[in-house]
2 protein chains.
Amino acid sequence: VFDSGVGGLTVLQELLVELPHEDFIYLGDTARFPYGERSAGELERFSLEITELLLARRAKLLVVACNAASSAALDRLRERMLSTTLGVEVLGVIEPESRIAAERSRNRRIGLLATTATVASGAYDRAVGAYARRHARRASPARTSRRSSSRAFPFDHRVVETVRATATPLREADVDTVILGCTHYPLVAPMLQRMLGPESALISSGRAGGLGRRSLTRAELGNPDESERAYRFLCTGDVEAFRALGSRFLQLPIEEIEHVELPSAVAA
Amino acid sequence: VFDSGVGGLTVLQELLVELPHEDFIYLGDTARFPYGERSAGELERFSLEITELLLARRAKLLVVACNAASSAALDRLRERMLSTTLGVEVLGVIEPESRIAAERSRNRRIGLLATTATVASGAYDRAVGAYARRHARRASPARTSRRSSSRAFPFDHRVVETVRATATPLREADVDTVILGCTHYPLVAPMLQRMLGPESALISSGRAGGLGRRSLTRAELGNPDESERAYRFLCTGDVEAFRALGSRFLQLPIEEIEHVELPSAVAA
């Protein structure tokens, strides 16, 4: 499982709960966080690099927990897997979120909150369109502040005002379903839900746990052993910062964290 | 809305999201936290006192967000309301949680995690029995450590071991549904879910938001004004401790907190 930072830990949490009998490795590329302003080329390069590292650690399922990386690199990662004989499954978050949103929306007005890179890729438009058969409307994609994740607790006035400025155009566009297209947004989900009203459905993280389970079952890659297995962490930035912020996202104990360096980060 | 501490803020969160057009006051009786080891008589006295204070502030709906207080005092609070002409609705958490658990369980083996006072009251047995028509089995009610709520972040080994010691008898009793009968337990829900396996349903907080909305609608007490209204806090203990811990539970900004003293706490 990989992400630009700790946000993808909400996706990992679902996987750990749904698949307790599998080992997990999570890589947070915190040295290069956030991915939201990166070019598609950069995101593809980072994602391939991280994938090589996780394959070297014998991953059998690859979950791209970052929406920006999913939007830019998923096709390329699947190609990479086809060139191996490893039988590695690849899951992103955009297709499942889009499917859920298309199924939930009654008025076919779906809002998307995502970072610049994700919006620019058009990946959600394509995926929602594919599921809804006709293109659902996308209301006012909003950029978040680059530092919103580290300021979200406690909520200061700037966070509240940012969320309110985001909610207003969505409400005016009469959306009934909003995709939270970045793994950090669930932190402000209650605030956004209150501003949008209880009838609005907020969609995030795409039921990663259930999808992961089905992928492993289909590919006959599940671990038959019924013991509770381990999970551990790699990060490219500061280990203690990862631990401190990560436990808020994961809501499970974080023990072993290993610092790793990726080739292109070293070159830069 | 009241609770012994900050745990009931998870219930308040649902109410704030479901009822954005109503004003809310939350009282945390943090000076006397926890309620889990109190006698039924004490819980009834504390609950009545808090209710008088909230009625004096013109509450029209009273939500007892604490499971122990719900189990000991709900009938007495409803009697108190019948003696007034205020038309105040009273909601607890035990009846709705029991109903959801009885509906969800397939094998009719429902686990209850609750504090001593709540288990001793037998309130869940009665409520689950009423919904399930025949008495569902209750597996190994477990006491939590009195201080688990303040130690839950970051998760240390003692928390993990306590949760594991709790999960083991539930798994052995083959329960398929577990009621989290204390407002602090959702903090360890992912950990417990991973230990029990993905097929187990964890039930908490009883859909307070939806119930609150239906109560107000039925009693024709809803606010017709469509603006976003305010929420504020009273607490009997330290205001800054309430703020620091409370924001983790509420996941919404906490601004105004007023220190209050309750008559019997002053006398003691």
# chains A, B, ... in the order shown; residues from 1 in each chain; ligands from 1
>>> calpha_fit_and_write(fixed="chain B", moving="chain A", output="PDB file with C-alpha atoms, in the first residue's frame")
ATOM      1  CA  VAL A   1     -26.865  16.199  25.366  1.00  0.00           C
ATOM      2  CA  PHE A   2     -24.944  14.918  28.338  1.00  0.00           C
ATOM      3  CA  ASP A   3     -22.288  12.375  29.196  1.00  0.00           C
ATOM      4  CA  SER A   4     -19.801  11.710  31.959  1.00  0.00           C
ATOM      5  CA  GLY A   5     -17.001  13.079  29.789  1.00  0.00           C
ATOM      6  CA  VAL A   6     -15.985  13.555  26.167  1.00  0.00           C
ATOM      7  CA  GLY A   7     -17.088  10.146  24.859  1.00  0.00           C
ATOM      8  CA  GLY A   8     -20.626  11.368  24.214  1.00  0.00           C
ATOM      9  CA  LEU A   9     -19.194  13.817  21.688  1.00  0.00           C
ATOM     10  CA  THR A  10     -19.358  10.971  19.156  1.00  0.00           C
ATOM     11  CA  VAL A  11     -23.126  11.031  19.728  1.00  0.00           C
ATOM     12  CA  LEU A  12     -23.185  14.835  19.534  1.00  0.00           C
ATOM     13  CA  GLN A  13     -21.316  14.651  16.221  1.00  0.00           C
ATOM     14  CA  GLU A  14     -24.129  12.605  14.690  1.00  0.00           C
ATOM     15  CA  LEU A  15     -26.700  15.053  16.018  1.00  0.00           C
ATOM     16  CA  LEU A  16     -24.815  18.078  14.670  1.00  0.00           C
ATOM     17  CA  VAL A  17     -24.559  16.505  11.239  1.00  0.00           C
ATOM     18  CA  GLU A  18     -28.163  15.346  11.153  1.00  0.00           C
ATOM     19  CA  LEU A  19     -29.662  18.481  12.714  1.00  0.00           C
ATOM     20  CA  PRO A  20     -27.573  21.469  11.535  1.00  0.00           C
ATOM     21  CA  HIS A  21     -30.486  23.882  12.057  1.00  0.00           C
ATOM     22  CA  GLU A  22     -30.793  23.283  15.815  1.00  0.00           C
ATOM     23  CA  ASP A  23     -28.809  24.749  18.711  1.00  0.00           C
ATOM     24  CA  PHE A  24     -27.057  22.211  20.918  1.00  0.00           C
ATOM     25  CA  ILE A  25     -25.677  22.325  24.443  1.00  0.00           C
ATOM     26  CA  TYR A  26     -23.426  19.466  25.549  1.00  0.00           C
ATOM     27  CA  LEU A  27     -22.607  18.888  29.190  1.00  0.00           C
ATOM     28  CA  GLY A  28     -19.636  16.693  30.125  1.00  0.00           C
ATOM     29  CA  ASP A  29     -19.589  15.849  33.839  1.00  0.00           C
ATOM     30  CA  THR A  30     -15.838  15.431  33.679  1.00  0.00           C
ATOM     31  CA  ALA A  31     -15.325  16.214  37.378  1.00  0.00           C
ATOM     32  CA  ARG A  32     -17.120  12.954  38.193  1.00  0.00           C
ATOM     33  CA  PHE A  33     -15.850  10.893  35.246  1.00  0.00           C
ATOM     34  CA  PRO A  34     -16.090   7.919  34.869  1.00  0.00           C
ATOM     35  CA  TYR A  35     -19.694   6.930  35.546  1.00  0.00           C
ATOM     36  CA  GLY A  36     -18.999   3.250  34.892  1.00  0.00           C
ATOM     37  CA  GLU A  37     -18.321   2.357  38.529  1.00  0.00           C
ATOM     38  CA  ARG A  38     -21.092   4.497  40.062  1.00  0.00           C
ATOM     39  CA  SER A  39     -24.152   3.068  41.794  1.00  0.00           C
ATOM     40  CA  ALA A  40     -27.568   3.260  40.135  1.00  0.00           C
ATOM     41  CA  GLY A  41     -28.662   5.745  42.804  1.00  0.00           C
ATOM     42  CA  GLU A  42     -25.734   8.058  42.092  1.00  0.00           C
ATOM     43  CA  LEU A  43     -26.287   7.881  38.355  1.00  0.00           C
ATOM     44  CA  GLU A  44     -29.957   8.728  38.784  1.00  0.00           C
ATOM     45  CA  ARG A  45     -29.120  11.694  41.006  1.00  0.00           C
ATOM     46  CA  PHE A  46     -26.412  13.036  38.670  1.00  0.00           C
ATOM     47  CA  SER A  47     -28.674  12.627  35.656  1.00  0.00           C
ATOM     48  CA  LEU A  48     -31.591  14.454  37.258  1.00  0.00           C
ATOM     49  CA  GLU A  49     -29.346  17.300  38.341  1.00  0.00           C
ATOM     50  CA  ILE A  50     -27.881  17.702  34.874  1.00  0.00           C
ATOM     51  CA  THR A  51     -31.349  17.511  33.369  1.00  0.00           C
ATOM     52  CA  GLU A  52     -32.558  20.387  35.561  1.00  0.00           C
ATOM     53  CA  LEU A  53     -29.613  22.469  34.414  1.00  0.00           C
ATOM     54  CA  LEU A  54     -30.303  21.716  30.742  1.00  0.00           C
ATOM     55  CA  LEU A  55     -34.031  22.376  31.143  1.00  0.00           C
ATOM     56  CA  ALA A  56     -33.181  25.728  32.726  1.00  0.00           C
ATOM     57  CA  ARG A  57     -31.277  26.443  29.513  1.00  0.00           C
ATOM     58  CA  ARG A  58     -34.460  25.661  27.603  1.00  0.00           C
ATOM     59  CA  ALA A  59     -33.620  22.263  26.106  1.00  0.00           C
ATOM     60  CA  LYS A  60     -36.460  20.758  24.040  1.00  0.00           C
ATOM     61  CA  LEU A  61     -34.770  17.394  23.429  1.00  0.00           C
ATOM     62  CA  LEU A  62     -32.646  15.606  26.012  1.00  0.00           C
ATOM     63  CA  VAL A  63     -30.124  13.039  24.765  1.00  0.00           C
ATOM     64  CA  VAL A  64     -28.479  10.847  27.388  1.00  0.00           C
ATOM     65  CA  ALA A  65     -25.274  10.042  25.518  1.00  0.00           C
ATOM     66  CA  CYS A  66     -23.800   8.005  28.386  1.00  0.00           C
ATOM     67  CA  ASN A  67     -24.664   4.313  28.420  1.00  0.00           C
ATOM     68  CA  ALA A  68     -24.335   3.992  32.199  1.00  0.00           C
ATOM     69  CA  ALA A  69     -26.629   6.977  32.827  1.00  0.00           C
ATOM     70  CA  SER A  70     -29.072   5.717  30.177  1.00  0.00           C
ATOM     71  CA  SER A  71     -29.194   2.318  31.842  1.00  0.00           C
ATOM     72  CA  ALA A  72     -29.812   3.754  35.329  1.00  0.00           C
ATOM     73  CA  ALA A  73     -31.840   6.895  34.842  1.00  0.00           C
ATOM     74  CA  LEU A  74     -33.806   6.944  31.602  1.00  0.00           C
ATOM     75  CA  ASP A  75     -37.135   5.880  33.090  1.00  0.00           C
ATOM     76  CA  ARG A  76     -36.769   8.392  35.906  1.00  0.00           C
ATOM     77  CA  LEU A  77     -35.949  11.206  33.444  1.00  0.00           C
ATOM     78  CA  ARG A  78     -38.991  10.372  31.344  1.00  0.00           C
ATOM     79  CA  GLU A  79     -41.144  10.508  34.482  1.00  0.00           C
ATOM     80  CA  ARG A  80     -39.663  13.900  35.270  1.00  0.00           C
ATOM     81  CA  MET A  81     -40.615  15.151  31.823  1.00  0.00           C
ATOM     82  CA  LEU A  82     -44.182  13.901  32.217  1.00  0.00           C
ATOM     83  CA  SER A  83     -44.456  16.078  35.326  1.00  0.00           C
ATOM     84  CA  THR A  84     -43.746  19.179  33.280  1.00  0.00           C
ATOM     85  CA  THR A  85     -45.712  20.814  30.509  1.00  0.00           C
ATOM     86  CA  LEU A  86     -42.537  21.468  28.539  1.00  0.00           C
ATOM     87  CA  GLY A  87     -43.008  18.690  25.989  1.00  0.00           C
ATOM     88  CA  VAL A  88     -39.342  17.687  26.189  1.00  0.00           C
ATOM     89  CA  GLU A  89     -38.347  14.510  24.372  1.00  0.00           C
ATOM     90  CA  VAL A  90     -35.838  12.108  26.009  1.00  0.00           C
ATOM     91  CA  LEU A  91     -33.524   9.788  24.075  1.00  0.00           C
ATOM     92  CA  GLY A  92     -31.047   7.261  25.440  1.00  0.00           C
ATOM     93  CA  VAL A  93     -28.559   5.062  23.595  1.00  0.00           C
ATOM     94  CA  ILE A  94     -29.463   1.608  24.894  1.00  0.00           C
ATOM     95  CA  GLU A  95     -32.780   1.005  23.150  1.00  0.00           C
ATOM     96  CA  PRO A  96     -31.614   2.016  19.663  1.00  0.00           C
ATOM     97  CA  GLU A  97     -28.330   0.082  19.981  1.00  0.00           C
ATOM     98  CA  SER A  98     -30.194  -2.998  21.160  1.00  0.00           C
ATOM     99  CA  ARG A  99     -32.647  -2.786  18.308  1.00  0.00           C
ATOM    100  CA  ILE A 100     -29.867  -2.486  15.709  1.00  0.00           C
ATOM    101  CA  ALA A 101     -27.968  -5.399  17.286  1.00  0.00           C
ATOM    102  CA  ALA A 102     -31.065  -7.606  17.357  1.00  0.00           C
ATOM    103  CA  GLU A 103     -31.758  -6.803  13.710  1.00  0.00           C
ATOM    104  CA  ARG A 104     -28.176  -7.430  12.588  1.00  0.00           C
ATOM    105  CA  SER A 105     -27.395 -10.649  14.405  1.00  0.00           C
ATOM    106  CA  ARG A 106     -27.864 -13.793  12.356  1.00  0.00           C
ATOM    107  CA  ASN A 107     -26.887 -16.388  14.962  1.00  0.00           C
ATOM    108  CA  ARG A 108     -28.549 -14.570  17.895  1.00  0.00           C
ATOM    109  CA  ARG A 109     -25.310 -14.419  19.836  1.00  0.00           C
ATOM    110  CA  ILE A 110     -24.730 -10.795  20.734  1.00  0.00           C
ATOM    111  CA  GLY A 111     -21.743  -9.614  22.766  1.00  0.00           C
ATOM    112  CA  LEU A 112     -21.922  -6.655  25.111  1.00  0.00           C
ATOM    113  CA  LEU A 113     -18.917  -4.553  26.089  1.00  0.00           C
ATOM    114  CA  ALA A 114     -19.883  -2.176  28.836  1.00  0.00           C
ATOM    115  CA  THR A 115     -18.841  -0.775  32.184  1.00  0.00           C
ATOM    116  CA  THR A 116     -19.813  -2.404  35.474  1.00  0.00           C
ATOM    117  CA  ALA A 117     -22.786  -0.115  36.118  1.00  0.00           C
ATOM    118  CA  THR A 118     -24.274  -0.705  32.690  1.00  0.00           C
ATOM    119  CA  VAL A 119     -23.847  -4.481  32.817  1.00  0.00           C
ATOM    120  CA  ALA A 120     -25.253  -4.657  36.355  1.00  0.00           C
ATOM    121  CA  SER A 121     -28.364  -2.735  35.379  1.00  0.00           C
ATOM    122  CA  GLY A 122     -29.449  -5.464  32.955  1.00  0.00           C
ATOM    123  CA  ALA A 123     -30.778  -2.728  30.669  1.00  0.00           C
ATOM    124  CA  TYR A 124     -29.261  -4.210  27.504  1.00  0.00           C
ATOM    125  CA  ASP A 125     -30.571  -7.688  28.298  1.00  0.00           C
ATOM    126  CA  ARG A 126     -34.068  -6.294  28.618  1.00  0.00           C
ATOM    127  CA  ALA A 127     -33.834  -4.131  25.515  1.00  0.00           C
ATOM    128  CA  VAL A 128     -32.249  -6.793  23.289  1.00  0.00           C
ATOM    129  CA  GLY A 129     -34.755  -9.303  24.609  1.00  0.00           C
ATOM    130  CA  ALA A 130     -37.616  -6.992  23.776  1.00  0.00           C
ATOM    131  CA  TYR A 131     -36.426  -6.555  20.209  1.00  0.00           C
ATOM    132  CA  ALA A 132     -35.289 -10.084  19.541  1.00  0.00           C
ATOM    133  CA  ARG A 133     -38.413 -11.518  21.167  1.00  0.00           C
ATOM    134  CA  ARG A 134     -36.318 -14.117  22.833  1.00  0.00           C
ATOM    135  CA  HIS A 135     -33.298 -13.344  24.942  1.00  0.00           C
ATOM    136  CA  ALA A 136     -30.100 -13.099  22.922  1.00  0.00           C
ATOM    137  CA  ARG A 137     -27.066 -14.510  24.653  1.00  0.00           C
ATOM    138  CA  ARG A 138     -24.690 -12.083  26.194  1.00  0.00           C
ATOM    139  CA  ALA A 139     -21.061 -13.101  26.105  1.00  0.00           C
ATOM    140  CA  SER A 140     -18.575 -12.073  28.758  1.00  0.00           C
ATOM    141  CA  PRO A 141     -19.290  -8.456  29.531  1.00  0.00           C
ATOM    142  CA  ALA A 142     -15.913  -6.826  29.985  1.00  0.00           C
ATOM    143  CA  ARG A 143     -14.929  -3.930  32.210  1.00  0.00           C
ATOM    144  CA  THR A 144     -12.596  -1.370  30.758  1.00  0.00           C
ATOM    145  CA  SER A 145      -9.803   0.313  32.571  1.00  0.00           C
ATOM    146  CA  ARG A 146     -11.022   3.553  34.103  1.00  0.00           C
ATOM    147  CA  ARG A 147      -8.379   5.482  32.246  1.00  0.00           C
ATOM    148  CA  SER A 148      -8.581   3.832  28.874  1.00  0.00           C
ATOM    149  CA  SER A 149      -9.984   6.907  27.151  1.00  0.00           C
ATOM    150  CA  SER A 150      -7.040   9.108  27.959  1.00  0.00           C
ATOM    151  CA  ARG A 151      -4.508   6.468  26.970  1.00  0.00           C
ATOM    152  CA  ALA A 152      -6.058   5.442  23.684  1.00  0.00           C
ATOM    153  CA  PHE A 153      -3.814   7.702  21.556  1.00  0.00           C
ATOM    154  CA  PRO A 154      -1.154   6.646  20.886  1.00  0.00           C
ATOM    155  CA  PHE A 155      -1.990   3.009  21.437  1.00  0.00           C
ATOM    156  CA  ASP A 156       0.464   1.480  23.840  1.00  0.00           C
ATOM    157  CA  HIS A 157       0.902  -2.210  24.579  1.00  0.00           C
ATOM    158  CA  ARG A 158      -1.455  -2.120  27.546  1.00  0.00           C
ATOM    159  CA  VAL A 159      -4.305  -0.875  25.394  1.00  0.00           C
ATOM    160  CA  VAL A 160      -3.642  -3.562  22.784  1.00  0.00           C
ATOM    161  CA  GLU A 161      -3.474  -6.277  25.438  1.00  0.00           C
ATOM    162  CA  THR A 162      -6.680  -5.042  27.108  1.00  0.00           C
ATOM    163  CA  VAL A 163      -8.524  -5.090  23.806  1.00  0.00           C
ATOM    164  CA  ARG A 164      -7.131  -8.521  22.967  1.00  0.00           C
ATOM    165  CA  ALA A 165      -8.181  -9.882  26.363  1.00  0.00           C
ATOM    166  CA  THR A 166     -11.650  -8.537  25.596  1.00  0.00           C
ATOM    167  CA  ALA A 167     -11.833  -9.914  22.067  1.00  0.00           C
ATOM    168  CA  THR A 168     -10.796 -13.461  22.954  1.00  0.00           C
ATOM    169  CA  PRO A 169     -13.876 -14.507  24.995  1.00  0.00           C
ATOM    170  CA  LEU A 170     -16.171 -12.810  22.492  1.00  0.00           C
ATOM    171  CA  ARG A 171     -14.640 -14.811  19.657  1.00  0.00           C
ATOM    172  CA  GLU A 172     -14.788 -17.997  21.701  1.00  0.00           C
ATOM    173  CA  ALA A 173     -18.467 -17.335  22.442  1.00  0.00           C
ATOM    174  CA  ASP A 174     -19.062 -17.160  18.674  1.00  0.00           C
ATOM    175  CA  VAL A 175     -20.861 -13.812  18.780  1.00  0.00           C
ATOM    176  CA  ASP A 176     -21.570 -12.241  15.380  1.00  0.00           C
ATOM    177  CA  THR A 177     -22.566  -8.827  16.756  1.00  0.00           C
ATOM    178  CA  VAL A 178     -20.977  -6.772  19.526  1.00  0.00           C
ATOM    179  CA  ILE A 179     -22.567  -3.775  21.212  1.00  0.00           C
ATOM    180  CA  LEU A 180     -19.994  -1.144  22.170  1.00  0.00           C
ATOM    181  CA  GLY A 181     -21.880  -0.125  25.304  1.00  0.00           C
ATOM    182  CA  CYS A 182     -19.710   2.824  26.316  1.00  0.00           C
ATOM    183  CA  THR A 183     -19.071   5.975  24.329  1.00  0.00           C
ATOM    184  CA  HIS A 184     -15.286   5.584  24.657  1.00  0.00           C
ATOM    185  CA  TYR A 185     -15.057   2.238  22.915  1.00  0.00           C
ATOM    186  CA  PRO A 186     -15.339   3.552  19.336  1.00  0.00           C
ATOM    187  CA  LEU A 187     -11.718   4.729  19.779  1.00  0.00           C
ATOM    188  CA  VAL A 188     -10.588   1.101  19.730  1.00  0.00           C
ATOM    189  CA  ALA A 189     -13.188  -0.104  17.232  1.00  0.00           C
ATOM    190  CA  PRO A 190     -10.705  -0.715  14.355  1.00  0.00           C
ATOM    191  CA  MET A 191      -8.455  -2.728  16.684  1.00  0.00           C
ATOM    192  CA  LEU A 192     -11.356  -4.785  17.982  1.00  0.00           C
ATOM    193  CA  GLN A 193     -12.773  -5.285  14.482  1.00  0.00           C
ATOM    194  CA  ARG A 194      -9.422  -6.620  13.284  1.00  0.00           C
ATOM    195  CA  MET A 195      -9.252  -9.060  16.201  1.00  0.00           C
ATOM    196  CA  LEU A 196     -12.858 -10.241  15.802  1.00  0.00           C
ATOM    197  CA  GLY A 197     -12.725 -10.464  12.019  1.00  0.00           C
ATOM    198  CA  PRO A 198     -14.605  -8.622   9.280  1.00  0.00           C
ATOM    199  CA  GLU A 199     -17.818 -10.647   9.655  1.00  0.00           C
ATOM    200  CA  SER A 200     -18.495  -9.293  13.152  1.00  0.00           C
ATOM    201  CA  ALA A 201     -20.752  -6.242  13.354  1.00  0.00           C
ATOM    202  CA  LEU A 202     -19.823  -3.601  15.930  1.00  0.00           C
ATOM    203  CA  ILE A 203     -22.768  -1.478  17.075  1.00  0.00           C
ATOM    204  CA  SER A 204     -22.331   1.911  18.705  1.00  0.00           C
ATOM    205  CA  SER A 205     -24.092   5.195  19.446  1.00  0.00           C
ATOM    206  CA  GLY A 206     -27.416   4.009  18.110  1.00  0.00           C
ATOM    207  CA  ARG A 207     -27.926   6.335  15.148  1.00  0.00           C
ATOM    208  CA  ALA A 208     -28.568   9.203  17.509  1.00  0.00           C
ATOM    209  CA  GLY A 209     -28.766  11.718  14.697  1.00  0.00           C
ATOM    210  CA  GLY A 210     -31.647  10.116  12.837  1.00  0.00           C
ATOM    211  CA  LEU A 211     -33.518   9.381  16.053  1.00  0.00           C
ATOM    212  CA  GLY A 212     -33.122  12.962  17.214  1.00  0.00           C
ATOM    213  CA  ARG A 213     -34.495  14.210  13.939  1.00  0.00           C
ATOM    214  CA  ARG A 214     -37.498  11.902  14.090  1.00  0.00           C
ATOM    215  CA  SER A 215     -38.213  12.877  17.720  1.00  0.00           C
ATOM    216  CA  LEU A 216     -38.248  16.567  16.921  1.00  0.00           C
ATOM    217  CA  THR A 217     -40.368  16.069  13.821  1.00  0.00           C
ATOM    218  CA  ARG A 218     -42.903  13.887  15.647  1.00  0.00           C
ATOM    219  CA  ALA A 219     -43.191  16.386  18.490  1.00  0.00           C
ATOM    220  CA  GLU A 220     -43.310  19.288  16.019  1.00  0.00           C
ATOM    221  CA  LEU A 221     -40.353  20.854  17.801  1.00  0.00           C
ATOM    222  CA  GLY A 222     -38.028  21.281  14.805  1.00  0.00           C
ATOM    223  CA  ASN A 223     -36.543  24.693  14.071  1.00  0.00           C
ATOM    224  CA  PRO A 224     -38.027  25.965  10.779  1.00  0.00           C
ATOM    225  CA  ASP A 225     -35.071  28.333  10.288  1.00  0.00           C
ATOM    226  CA  GLU A 226     -32.578  26.930   7.738  1.00  0.00           C
ATOM    227  CA  SER A 227     -29.427  28.653   8.945  1.00  0.00           C
ATOM    228  CA  GLU A 228     -26.527  26.721  10.472  1.00  0.00           C
ATOM    229  CA  ARG A 229     -26.984  26.996  14.213  1.00  0.00           C
ATOM    230  CA  ALA A 230     -24.523  27.002  17.127  1.00  0.00           C
ATOM    231  CA  TYR A 231     -23.314  24.381  19.568  1.00  0.00           C
ATOM    232  CA  ARG A 232     -21.587  24.941  22.857  1.00  0.00           C
ATOM    233  CA  PHE A 233     -20.196  23.107  25.814  1.00  0.00           C
ATOM    234  CA  LEU A 234     -20.509  22.959  29.563  1.00  0.00           C
ATOM    235  CA  CYS A 235     -18.158  20.923  31.695  1.00  0.00           C
ATOM    236  CA  THR A 236     -17.750  20.323  35.407  1.00  0.00           C
ATOM    237  CA  GLY A 237     -13.996  19.688  35.267  1.00  0.00           C
ATOM    238  CA  ASP A 238     -11.016  21.295  33.593  1.00  0.00           C
ATOM    239  CA  VAL A 239     -11.978  23.304  30.520  1.00  0.00           C
ATOM    240  CA  GLU A 240      -8.668  22.963  28.649  1.00  0.00           C
ATOM    241  CA  ALA A 241      -8.498  19.201  29.157  1.00  0.00           C
ATOM    242  CA  PHE A 242     -12.019  18.991  27.741  1.00  0.00           C
ATOM    243  CA  ARG A 243     -11.004  21.003  24.707  1.00  0.00           C
ATOM    244  CA  ALA A 244      -7.858  18.992  24.002  1.00  0.00           C
ATOM    245  CA  LEU A 245      -9.416  15.547  24.261  1.00  0.00           C
ATOM    246  CA  GLY A 246     -12.822  16.616  22.987  1.00  0.00           C
ATOM    247  CA  SER A 247     -11.686  17.648  19.514  1.00  0.00           C
ATOM    248  CA  ARG A 248     -10.503  14.083  18.877  1.00  0.00           C
ATOM    249  CA  PHE A 249     -13.957  12.740  19.633  1.00  0.00           C
ATOM    250  CA  LEU A 250     -16.055  15.466  18.038  1.00  0.00           C
ATOM    251  CA  GLN A 251     -13.979  16.025  14.886  1.00  0.00           C
ATOM    252  CA  LEU A 252     -15.523  19.482  14.695  1.00  0.00           C
ATOM    253  CA  PRO A 253     -14.227  22.767  16.108  1.00  0.00           C
ATOM    254  CA  ILE A 254     -14.757  23.286  19.824  1.00  0.00           C
ATOM    255  CA  GLU A 255     -14.994  26.948  20.727  1.00  0.00           C
ATOM    256  CA  GLU A 256     -16.980  28.128  23.737  1.00  0.00           C
ATOM    257  CA  ILE A 257     -16.670  25.921  26.849  1.00  0.00           C
ATOM    258  CA  GLU A 258     -18.206  27.083  30.115  1.00  0.00           C
ATOM    259  CA  HIS A 259     -17.244  25.642  33.484  1.00  0.00           C
ATOM    260  CA  VAL A 260     -20.306  24.759  35.588  1.00  0.00           C
ATOM    261  CA  GLU A 261     -20.722  23.280  39.050  1.00  0.00           C
ATOM    262  CA  LEU A 262     -23.522  20.907  39.941  1.00  0.00           C
ATOM    263  CA  PRO A 263     -25.121  21.127  43.405  1.00  0.00           C
ATOM    264  CA  SER A 264     -24.228  17.653  44.656  1.00  0.00           C
ATOM    265  CA  ALA A 265     -20.635  17.929  43.388  1.00  0.00           C
ATOM    266  CA  VAL A 266     -20.252  21.116  45.429  1.00  0.00           C
ATOM    267  CA  ALA A 267     -21.818  19.475  48.496  1.00  0.00           C
ATOM    268  CA  ALA A 268     -19.399  16.557  48.162  1.00  0.00           C
TER     269      ALA A 268
END
>>> select_by_dssp(residues="range 9-209 of chain A", states="alpha helix (DSSP H)", output="PyMOL selection string")
chain A and resi 9-18+40-56+67-82+94-104+116-121+123-132+148-151+157-172+189-196+208-209
>>> decode(residues="range 218-227 of chain B", atoms="N, CA, C and O atoms", output="mmCIF file, in the first residue's frame")
data_model
loop_
_atom_site.group_PDB
_atom_site.id
_atom_site.type_symbol
_atom_site.label_atom_id
_atom_site.label_comp_id
_atom_site.auth_asym_id
_atom_site.auth_seq_id
_atom_site.Cartn_x
_atom_site.Cartn_y
_atom_site.Cartn_z
ATOM 1 N N ARG B 218 -41.641 14.422 15.050
ATOM 2 C CA ARG B 218 -42.871 13.847 15.605
ATOM 3 C C ARG B 218 -43.514 14.813 16.599
ATOM 4 O O ARG B 218 -44.725 14.995 16.613
ATOM 5 N N ALA B 219 -42.661 15.442 17.424
ATOM 6 C CA ALA B 219 -43.181 16.346 18.447
ATOM 7 C C ALA B 219 -43.401 17.763 17.907
ATOM 8 O O ALA B 219 -43.758 18.669 18.657
ATOM 9 N N GLU B 220 -43.176 17.923 16.619
ATOM 10 C CA GLU B 220 -43.303 19.240 15.979
ATOM 11 C C GLU B 220 -42.479 20.298 16.696
ATOM 12 O O GLU B 220 -42.919 21.424 16.913
ATOM 13 N N LEU B 221 -41.258 19.903 17.049
ATOM 14 C CA LEU B 221 -40.365 20.816 17.772
ATOM 15 C C LEU B 221 -39.200 21.294 16.901
ATOM 16 O O LEU B 221 -38.325 21.999 17.367
ATOM 17 N N GLY B 222 -39.149 20.873 15.659
ATOM 18 C CA GLY B 222 -38.027 21.244 14.792
ATOM 19 C C GLY B 222 -37.958 22.743 14.537
ATOM 20 O O GLY B 222 -38.980 23.427 14.520
ATOM 21 N N ASN B 223 -36.744 23.236 14.340
ATOM 22 C CA ASN B 223 -36.551 24.644 14.028
ATOM 23 C C ASN B 223 -36.785 24.861 12.537
ATOM 24 O O ASN B 223 -36.076 24.283 11.716
ATOM 25 N N PRO B 224 -37.749 25.697 12.164
ATOM 26 C CA PRO B 224 -38.022 25.890 10.733
ATOM 27 C C PRO B 224 -36.939 26.718 10.029
ATOM 28 O O PRO B 224 -36.837 26.689 8.805
ATOM 29 N N ASP B 225 -36.156 27.441 10.793
ATOM 30 C CA ASP B 225 -35.084 28.289 10.253
ATOM 31 C C ASP B 225 -34.007 27.399 9.604
ATOM 32 O O ASP B 225 -33.599 26.398 10.166
ATOM 33 N N GLU B 226 -33.534 27.753 8.430
ATOM 34 C CA GLU B 226 -32.587 26.893 7.711
ATOM 35 C C GLU B 226 -31.130 27.333 7.832
ATOM 36 O O GLU B 226 -30.277 26.893 7.060
ATOM 37 N N SER B 227 -30.839 28.225 8.750
ATOM 38 C CA SER B 227 -29.439 28.628 8.920
ATOM 39 C C SER B 227 -28.682 27.586 9.745
ATOM 40 O O SER B 227 -29.288 26.779 10.447
#
